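**Q** Data file target_1.pdb (PDB, C-alpha atoms) is appended below.
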```pdb
ATOM      1  CA  MET Z 265     115.486 175.451  92.863  1.00  0.00           C
ATOM      2  CA  ARG Z 266     115.652 171.981  91.336  1.00  0.00           C
ATOM      3  CA  LEU Z 267     117.434 171.886  87.988  1.00  0.00           C
ATOM      4  CA  PRO Z 268     117.593 169.024  85.482  1.00  0.00           C
ATOM      5  CA  ASN Z 269     120.595 166.807  86.109  1.00  0.00           C
ATOM      6  CA  GLN Z 270     119.937 163.835  83.848  1.00  0.00           C
ATOM      7  CA  PHE Z 271     119.425 163.855  80.109  1.00  0.00           C
ATOM      8  CA  LEU Z 272     118.058 160.509  78.955  1.00  0.00           C
ATOM      9  CA  ILE Z 273     118.229 159.469  75.329  1.00  0.00           C
ATOM     10  CA  TYR Z 274     116.222 156.509  74.086  1.00  0.00           C
ATOM     11  CA  VAL Z 275     118.357 154.240  71.933  1.00  0.00           C
ATOM     12  CA  SER Z 276     117.742 150.928  70.212  1.00  0.00           C
ATOM     13  CA  ASP Z 277     120.973 149.351  71.498  1.00  0.00           C
ATOM     14  CA  ALA Z 278     122.595 150.776  74.644  1.00  0.00           C
ATOM     15  CA  ALA Z 279     125.990 149.147  74.050  1.00  0.00           C
ATOM     16  CA  SER Z 280     126.237 150.450  70.470  1.00  0.00           C
ATOM     17  CA  ALA Z 281     125.069 153.899  71.563  1.00  0.00           C
ATOM     18  CA  ALA Z 282     127.598 153.927  74.421  1.00  0.00           C
ATOM     19  CA  ALA Z 283     130.366 153.059  71.950  1.00  0.00           C
ATOM     20  CA  PHE Z 284     129.192 155.874  69.634  1.00  0.00           C
ATOM     21  CA  TYR Z 285     129.026 158.503  72.400  1.00  0.00           C
ATOM     22  CA  GLY Z 286     132.218 157.215  74.040  1.00  0.00           C
ATOM     23  CA  GLU Z 287     134.112 157.629  70.761  1.00  0.00           C
ATOM     24  CA  LEU Z 288     132.499 160.999  70.086  1.00  0.00           C
ATOM     25  CA  PHE Z 289     133.292 162.442  73.522  1.00  0.00           C
ATOM     26  CA  ASP Z 290     136.446 160.408  74.253  1.00  0.00           C
ATOM     27  CA  ALA Z 291     134.797 159.182  77.466  1.00  0.00           C
ATOM     28  CA  LYS Z 292     133.883 155.940  79.164  1.00  0.00           C
ATOM     29  CA  PRO Z 293     130.427 155.174  80.585  1.00  0.00           C
ATOM     30  CA  GLU Z 294     130.135 155.275  84.381  1.00  0.00           C
ATOM     31  CA  VAL Z 295     127.185 152.882  84.712  1.00  0.00           C
ATOM     32  CA  LEU Z 296     127.051 149.819  82.493  1.00  0.00           C
ATOM     33  CA  SER Z 297     124.067 147.521  82.286  1.00  0.00           C
ATOM     34  CA  PRO Z 298     122.586 145.661  79.325  1.00  0.00           C
ATOM     35  CA  ARG Z 299     119.972 148.370  78.625  1.00  0.00           C
ATOM     36  CA  TYR Z 300     121.148 151.458  80.525  1.00  0.00           C
ATOM     37  CA  MET Z 301     124.456 153.320  80.453  1.00  0.00           C
ATOM     38  CA  THR Z 302     125.471 156.724  81.750  1.00  0.00           C
ATOM     39  CA  PHE Z 303     128.227 159.258  81.176  1.00  0.00           C
ATOM     40  CA  ASP Z 304     129.158 161.616  84.016  1.00  0.00           C
ATOM     41  CA  LEU Z 305     129.160 165.133  82.560  1.00  0.00           C
ATOM     42  CA  GLY Z 306     130.436 166.727  85.771  1.00  0.00           C
ATOM     43  CA  GLY Z 307     128.682 168.878  88.307  1.00  0.00           C
ATOM     44  CA  GLY Z 308     126.205 166.105  89.078  1.00  0.00           C
ATOM     45  CA  VAL Z 309     124.864 166.043  85.502  1.00  0.00           C
ATOM     46  CA  VAL Z 310     124.480 162.713  83.687  1.00  0.00           C
ATOM     47  CA  LEU Z 311     123.862 161.726  80.068  1.00  0.00           C
ATOM     48  CA  ALA Z 312     121.942 158.439  80.114  1.00  0.00           C
ATOM     49  CA  LEU Z 313     121.367 156.025  77.234  1.00  0.00           C
ATOM     50  CA  TRP Z 314     118.430 153.679  77.683  1.00  0.00           C
ATOM     51  CA  SER Z 315     117.206 150.921  75.414  1.00  0.00           C
ATOM     52  CA  GLY Z 316     114.400 150.026  77.827  1.00  0.00           C
ATOM     53  CA  LYS Z 317     111.955 152.018  75.709  1.00  0.00           C
ATOM     54  CA  SER Z 318     113.420 151.072  72.339  1.00  0.00           C
ATOM     55  CA  ARG Z 319     110.113 149.541  71.296  1.00  0.00           C
ATOM     56  CA  ASP Z 320     108.802 153.120  71.263  1.00  0.00           C
ATOM     57  CA  LEU Z 321     111.467 154.282  68.810  1.00  0.00           C
ATOM     58  CA  ASP Z 322     110.060 154.836  65.361  1.00  0.00           C
ATOM     59  CA  PRO Z 323     112.575 156.089  62.795  1.00  0.00           C
ATOM     60  CA  THR Z 324     109.794 157.956  60.954  1.00  0.00           C
ATOM     61  CA  THR Z 325     108.872 159.976  64.053  1.00  0.00           C
ATOM     62  CA  PRO Z 326     110.484 163.417  64.026  1.00  0.00           C
ATOM     63  CA  ARG Z 327     112.812 164.189  66.916  1.00  0.00           C
ATOM     64  CA  ASN Z 328     111.654 167.179  68.926  1.00  0.00           C
ATOM     65  CA  PHE Z 329     114.810 167.863  70.885  1.00  0.00           C
ATOM     66  CA  GLU Z 330     118.544 168.221  70.496  1.00  0.00           C
ATOM     67  CA  VAL Z 331     121.407 167.637  72.870  1.00  0.00           C
ATOM     68  CA  GLY Z 332     123.464 170.818  72.890  1.00  0.00           C
ATOM     69  CA  ILE Z 333     127.228 170.943  73.153  1.00  0.00           C
ATOM     70  CA  LEU Z 334     128.219 174.530  73.814  1.00  0.00           C
ATOM     71  CA  VAL Z 335     131.914 175.191  73.263  1.00  0.00           C
ATOM     72  CA  ASP Z 336     134.363 177.981  73.883  1.00  0.00           C
ATOM     73  CA  GLY Z 337     136.889 178.891  71.223  1.00  0.00           C
ATOM     74  CA  GLY Z 338     134.669 180.400  68.572  1.00  0.00           C
ATOM     75  CA  SER Z 339     134.170 179.354  64.982  1.00  0.00           C
ATOM     76  CA  SER Z 340     137.577 177.733  64.599  1.00  0.00           C
ATOM     77  CA  GLU Z 341     136.894 175.353  67.504  1.00  0.00           C
ATOM     78  CA  ILE Z 342     133.446 174.490  66.144  1.00  0.00           C
ATOM     79  CA  ARG Z 343     134.911 173.759  62.691  1.00  0.00           C
ATOM     80  CA  ALA Z 344     137.626 171.610  64.295  1.00  0.00           C
ATOM     81  CA  ILE Z 345     135.000 169.538  66.150  1.00  0.00           C
ATOM     82  CA  HIS Z 346     132.988 169.181  62.936  1.00  0.00           C
ATOM     83  CA  ASP Z 347     136.051 167.977  61.024  1.00  0.00           C
ATOM     84  CA  GLU Z 348     137.041 165.561  63.808  1.00  0.00           C
ATOM     85  CA  TRP Z 349     133.570 164.031  63.980  1.00  0.00           C
ATOM     86  CA  VAL Z 350     133.247 163.773  60.190  1.00  0.00           C
ATOM     87  CA  ALA Z 351     136.546 161.869  60.206  1.00  0.00           C
ATOM     88  CA  LYS Z 352     134.943 159.478  62.726  1.00  0.00           C
ATOM     89  CA  GLY Z 353     132.095 158.879  60.262  1.00  0.00           C
ATOM     90  CA  VAL Z 354     129.208 160.619  62.006  1.00  0.00           C
ATOM     91  CA  GLU Z 355     126.157 161.645  60.006  1.00  0.00           C
ATOM     92  CA  VAL Z 356     125.999 165.416  59.642  1.00  0.00           C
ATOM     93  CA  VAL Z 357     122.377 166.544  59.277  1.00  0.00           C
ATOM     94  CA  GLU Z 358     123.116 170.276  59.260  1.00  0.00           C
ATOM     95  CA  GLU Z 359     126.443 171.468  57.916  1.00  0.00           C
ATOM     96  CA  PRO Z 360     128.251 174.309  59.711  1.00  0.00           C
ATOM     97  CA  ASN Z 361     126.341 177.534  59.211  1.00  0.00           C
ATOM     98  CA  GLU Z 362     125.912 180.909  60.865  1.00  0.00           C
ATOM     99  CA  ASP Z 363     122.785 181.328  62.973  1.00  0.00           C
ATOM    100  CA  VAL Z 364     121.641 183.987  65.435  1.00  0.00           C
ATOM    101  CA  PHE Z 365     123.959 182.576  68.122  1.00  0.00           C
ATOM    102  CA  GLY Z 366     126.977 181.976  65.853  1.00  0.00           C
ATOM    103  CA  LEU Z 367     128.460 179.095  63.900  1.00  0.00           C
ATOM    104  CA  THR Z 368     126.647 175.810  64.512  1.00  0.00           C
ATOM    105  CA  PHE Z 369     126.179 172.319  63.084  1.00  0.00           C
ATOM    106  CA  VAL Z 370     124.093 169.246  63.896  1.00  0.00           C
ATOM    107  CA  ILE Z 371     124.892 165.538  63.770  1.00  0.00           C
ATOM    108  CA  SER Z 372     122.751 162.449  64.257  1.00  0.00           C
ATOM    109  CA  ASP Z 373     123.461 159.490  66.512  1.00  0.00           C
ATOM    110  CA  LEU Z 374     122.718 155.891  65.497  1.00  0.00           C
ATOM    111  CA  ASP Z 375     119.005 156.293  66.317  1.00  0.00           C
ATOM    112  CA  GLY Z 376     118.441 159.680  64.702  1.00  0.00           C
ATOM    113  CA  ASN Z 377     118.793 161.711  67.916  1.00  0.00           C
ATOM    114  CA  ARG Z 378     120.387 165.071  67.180  1.00  0.00           C
ATOM    115  CA  LEU Z 379     123.390 166.753  68.744  1.00  0.00           C
ATOM    116  CA  ARG Z 380     124.039 170.435  68.056  1.00  0.00           C
ATOM    117  CA  VAL Z 381     127.446 172.057  68.492  1.00  0.00           C
ATOM    118  CA  ALA Z 382     127.274 175.813  69.026  1.00  0.00           C
ATOM    119  CA  PRO Z 383     129.224 178.555  70.782  1.00  0.00           C
ATOM    120  CA  ALA Z 384     128.880 178.868  74.526  1.00  0.00           C
ATOM    121  CA  ASP Z 385     126.773 181.796  75.673  1.00  0.00           C
ATOM    122  CA  HIS Z 386     128.824 184.142  77.825  1.00  0.00           C
TER
END
```
Let's see the structure in the file written out as structure tokens.

**A**
Amino acid sequence: MRLPNQFLIYVSDAASAAAFYGELFDAKPEVLSPRYMTFDLGGGVVLALWSGKSRDLDPTTPRNFEVGILVDGGSSEIRAIHDEWVAKGVEVVEEPNEDVFGLTFVISDLDGNRLRVAPADH
């Protein structure tokens, strides 16, 4: 079976987005080019940032996806991540709240793409 191994996010400025994600995840990009940067997520999975399609970005267009960050450690770990990212100045678009899968919250990157932190499913 072939499984997805690259998650590509359209951004208006790859360098700025790489700095944002690098700070958020405490990681350095693996591939650096003027319009395309990647982060190795392990296990052959890559998060790619691409400004090659930035002309298609329209801030008024709703985003129809989220990048999920599933964490172990329960509610206390999720609250700690929230507090850490708020201290870094990220935009929180959904404050921590209980949902069917547990405590979760959502932030926005520089282009309005959403990242959801939630408990890992075990």

**Q** Restricting the calculation to only C-alpha atoms, which member of Z:Ile345, Z:Ile371, Z:Leu311, Z:Leu267 is positioned closest to Pro383 of chain Z?

**A**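 Counting only C-alpha atoms, the residue closest to Pro383 of chain Z is Z:Ile345.
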
**Q** Hey, which of Z:Val364, Z:Val295, Z:Leu379, Z:Val310 ends up closest to Ile333 of chain Z? Count all atoms listed in the file.

**A**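 Checking each candidate against Ile333 of chain Z, we get Z:Leu379 as the closest.
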
**Q** If we count all atoms listed in the file and set the cut-off at 8 Å, which residues sit around Leu288 of chain Z, ignoring sequence neighbours fewer than 4 positions away in its own chain? Please answer as a PyMOL selection string.

**A** chain Z and resi 284+349+352

**Q** Go ahead and save the residues from that selection, with C-alpha atoms, as an mmCIF file, in the frame of the given file.

**A**
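The new file again25.cif reads:
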```cif
data_model
loop_
_atom_site.group_PDB
_atom_site.id
_atom_site.type_symbol
_atom_site.label_atom_id
_atom_site.label_comp_id
_atom_site.auth_asym_id
_atom_site.auth_seq_id
_atom_site.Cartn_x
_atom_site.Cartn_y
_atom_site.Cartn_z
ATOM 1 C CA PHE Z 284 129.192 155.874 69.634
ATOM 2 C CA TRP Z 349 133.570 164.031 63.980
ATOM 3 C CA LYS Z 352 134.943 159.478 62.726
#
```

**Q** Given the choices Z:Thr302, Z:Asn361, Z:Thr368, Z:Ser280, which gets closest to Val335 of chain Z if the distance is worked out from all atoms listed in the file?

**A**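 Of Z:Thr302, Z:Asn361, Z:Thr368, Z:Ser280, the one nearest Val335 of chain Z is Z:Thr368, counting all atoms listed in the file.
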
**Q** Show me, as a PDB file with C-alpha atoms, keeping the file's coordinate frame, the residues that have an atom within 9 Å of Arg378 of chain Z when counting all atoms listed in the file, minus same-chain residues fewer than 4 positions from it.

**A**
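Written output follows (around.pdb):
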```
ATOM      1  CA  ARG Z 327     112.812 164.189  66.916  1.00  0.00           C
ATOM      2  CA  PHE Z 329     114.810 167.863  70.885  1.00  0.00           C
ATOM      3  CA  GLU Z 330     118.544 168.221  70.496  1.00  0.00           C
ATOM      4  CA  VAL Z 331     121.407 167.637  72.870  1.00  0.00           C
ATOM      5  CA  GLY Z 332     123.464 170.818  72.890  1.00  0.00           C
ATOM      6  CA  VAL Z 357     122.377 166.544  59.277  1.00  0.00           C
ATOM      7  CA  VAL Z 370     124.093 169.246  63.896  1.00  0.00           C
ATOM      8  CA  ILE Z 371     124.892 165.538  63.770  1.00  0.00           C
ATOM      9  CA  SER Z 372     122.751 162.449  64.257  1.00  0.00           C
ATOM     10  CA  ASP Z 373     123.461 159.490  66.512  1.00  0.00           C
TER      11      ASP Z 373
END
```

**Q** One decimal, in Å: what's the spacing between atom CA of Val356 of chain Z and atom CA of Asp375 of chain Z?

**A**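 Going from atom CA of Val356 of chain Z over to atom CA of Asp375 of chain Z covers 13.3 Å.
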
**Q** Just give me the gap between atom CA of Pro360 of chain Z and atom CA of Phe289 of chain Z in Å, one decimal is fine.

**A**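 Computing the Euclidean distance for atom CA of Pro360 of chain Z and atom CA of Phe289 of chain Z yields 18.9 Å.
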
**Q** What separation in Å, quoted to one decimal, exists between atom CA of Arg299 of chain Z and atom CA of Gly316 of chain Z?

**A**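 Separating atom CA of Arg299 of chain Z from atom CA of Gly316 of chain Z is a distance of 5.9 Å.
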
**Q** Using all atoms listed in the file, give me every residue within 12 Å of (128.0, 161.7, 81.7) in file coordinates, as a ChimeraX atom specification.

**A** /Z:269-273,282,285-286,289-296,301-313

**Q** When the PyMOL selection byres ((chain Z and resi 365) around 9) is applied to the structure above, which residues does it catch, written out as an mmCIF file with C-alpha atoms, in the coordinates of the input?

**A**
```cif
data_model
loop_
_atom_site.group_PDB
_atom_site.id
_atom_site.type_symbol
_atom_site.label_atom_id
_atom_site.label_comp_id
_atom_site.auth_asym_id
_atom_site.auth_seq_id
_atom_site.Cartn_x
_atom_site.Cartn_y
_atom_site.Cartn_z
ATOM 1 C CA GLU Z 362 125.912 180.909 60.865
ATOM 2 C CA ASP Z 363 122.785 181.328 62.973
ATOM 3 C CA VAL Z 364 121.641 183.987 65.435
ATOM 4 C CA GLY Z 366 126.977 181.976 65.853
ATOM 5 C CA LEU Z 367 128.460 179.095 63.900
ATOM 6 C CA THR Z 368 126.647 175.810 64.512
ATOM 7 C CA ALA Z 382 127.274 175.813 69.026
ATOM 8 C CA PRO Z 383 129.224 178.555 70.782
ATOM 9 C CA ALA Z 384 128.880 178.868 74.526
ATOM 10 C CA ASP Z 385 126.773 181.796 75.673
#
```

**Q** To test the calculation: enclose all listed atoms of segment 286-293 of chain Z in a box whose edges run along x, y and z, add 6 Å on each side, then state centre and edge lengths in Å to one decimal, as JSON.

**A**
```
{"center_x": 133.4, "center_y": 158.8, "center_z": 75.3, "size_x": 18.0, "size_y": 19.3, "size_z": 22.5}
```

**Q** Would you please work out which residue, of Z:Ala344, Z:Leu374, Z:Val275, Z:Ala281, is nearest to Ser315 of chain Z when using only C-alpha atoms?

**A**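 Using only C-alpha atoms, the shortest distance to Ser315 of chain Z belongs to Z:Val275.
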
**Q** Can you fill out segment 354-374 of chain Z with N, CA and C atoms and hand it back as a short mmCIF file (atom, residue, chain, number, x, y, z; two decimals), in the coordinates of the input?

**A**
```cif
data_model
loop_
_atom_site.label_atom_id
_atom_site.label_comp_id
_atom_site.auth_asym_id
_atom_site.auth_seq_id
_atom_site.Cartn_x
_atom_site.Cartn_y
_atom_site.Cartn_z
N VAL Z 354 130.55 160.26 61.55
CA VAL Z 354 129.21 160.62 62.01
C VAL Z 354 128.38 161.18 60.86
N GLU Z 355 127.07 161.08 61.00
CA GLU Z 355 126.16 161.65 60.01
C GLU Z 355 125.88 163.11 60.35
N VAL Z 356 126.27 163.99 59.46
CA VAL Z 356 126.00 165.42 59.64
C VAL Z 356 124.64 165.71 59.01
N VAL Z 357 123.71 166.23 59.81
CA VAL Z 357 122.38 166.54 59.28
C VAL Z 357 122.21 168.03 59.01
N GLU Z 358 123.10 168.84 59.55
CA GLU Z 358 123.12 170.28 59.26
C GLU Z 358 124.58 170.71 59.24
N GLU Z 359 125.05 171.05 58.07
CA GLU Z 359 126.44 171.47 57.92
C GLU Z 359 126.69 172.76 58.69
N PRO Z 360 127.95 173.06 59.01
CA PRO Z 360 128.25 174.31 59.71
C PRO Z 360 127.65 175.51 58.98
N ASN Z 361 126.97 176.35 59.76
CA ASN Z 361 126.34 177.53 59.21
C ASN Z 361 126.20 178.57 60.31
N GLU Z 362 126.09 179.82 59.90
CA GLU Z 362 125.91 180.91 60.86
C GLU Z 362 124.44 181.04 61.21
N ASP Z 363 124.15 181.10 62.51
CA ASP Z 363 122.78 181.33 62.97
C ASP Z 363 122.82 182.50 63.95
N VAL Z 364 121.71 182.81 64.57
CA VAL Z 364 121.64 183.99 65.44
C VAL Z 364 122.63 183.93 66.59
N PHE Z 365 123.04 182.73 66.99
CA PHE Z 365 123.96 182.58 68.12
C PHE Z 365 125.38 182.27 67.68
N GLY Z 366 125.63 182.23 66.37
CA GLY Z 366 126.98 181.98 65.85
C GLY Z 366 127.04 180.72 65.02
N LEU Z 367 128.25 180.28 64.72
CA LEU Z 367 128.46 179.10 63.90
C LEU Z 367 127.95 177.86 64.64
N THR Z 368 127.24 177.00 63.92
CA THR Z 368 126.65 175.81 64.51
C THR Z 368 126.57 174.70 63.48
N PHE Z 369 126.48 173.46 63.95
CA PHE Z 369 126.18 172.32 63.08
C PHE Z 369 125.49 171.25 63.91
N VAL Z 370 124.86 170.29 63.23
CA VAL Z 370 124.09 169.25 63.90
C VAL Z 370 124.48 167.90 63.31
N ILE Z 371 124.66 166.91 64.21
CA ILE Z 371 124.89 165.54 63.77
C ILE Z 371 123.76 164.66 64.30
N SER Z 372 123.74 163.43 63.82
CA SER Z 372 122.75 162.45 64.26
C SER Z 372 123.47 161.27 64.88
N ASP Z 373 122.89 160.72 65.97
CA ASP Z 373 123.46 159.49 66.51
C ASP Z 373 122.88 158.30 65.75
N LEU Z 374 123.13 157.10 66.21
CA LEU Z 374 122.72 155.89 65.50
C LEU Z 374 121.21 155.73 65.40
#
```
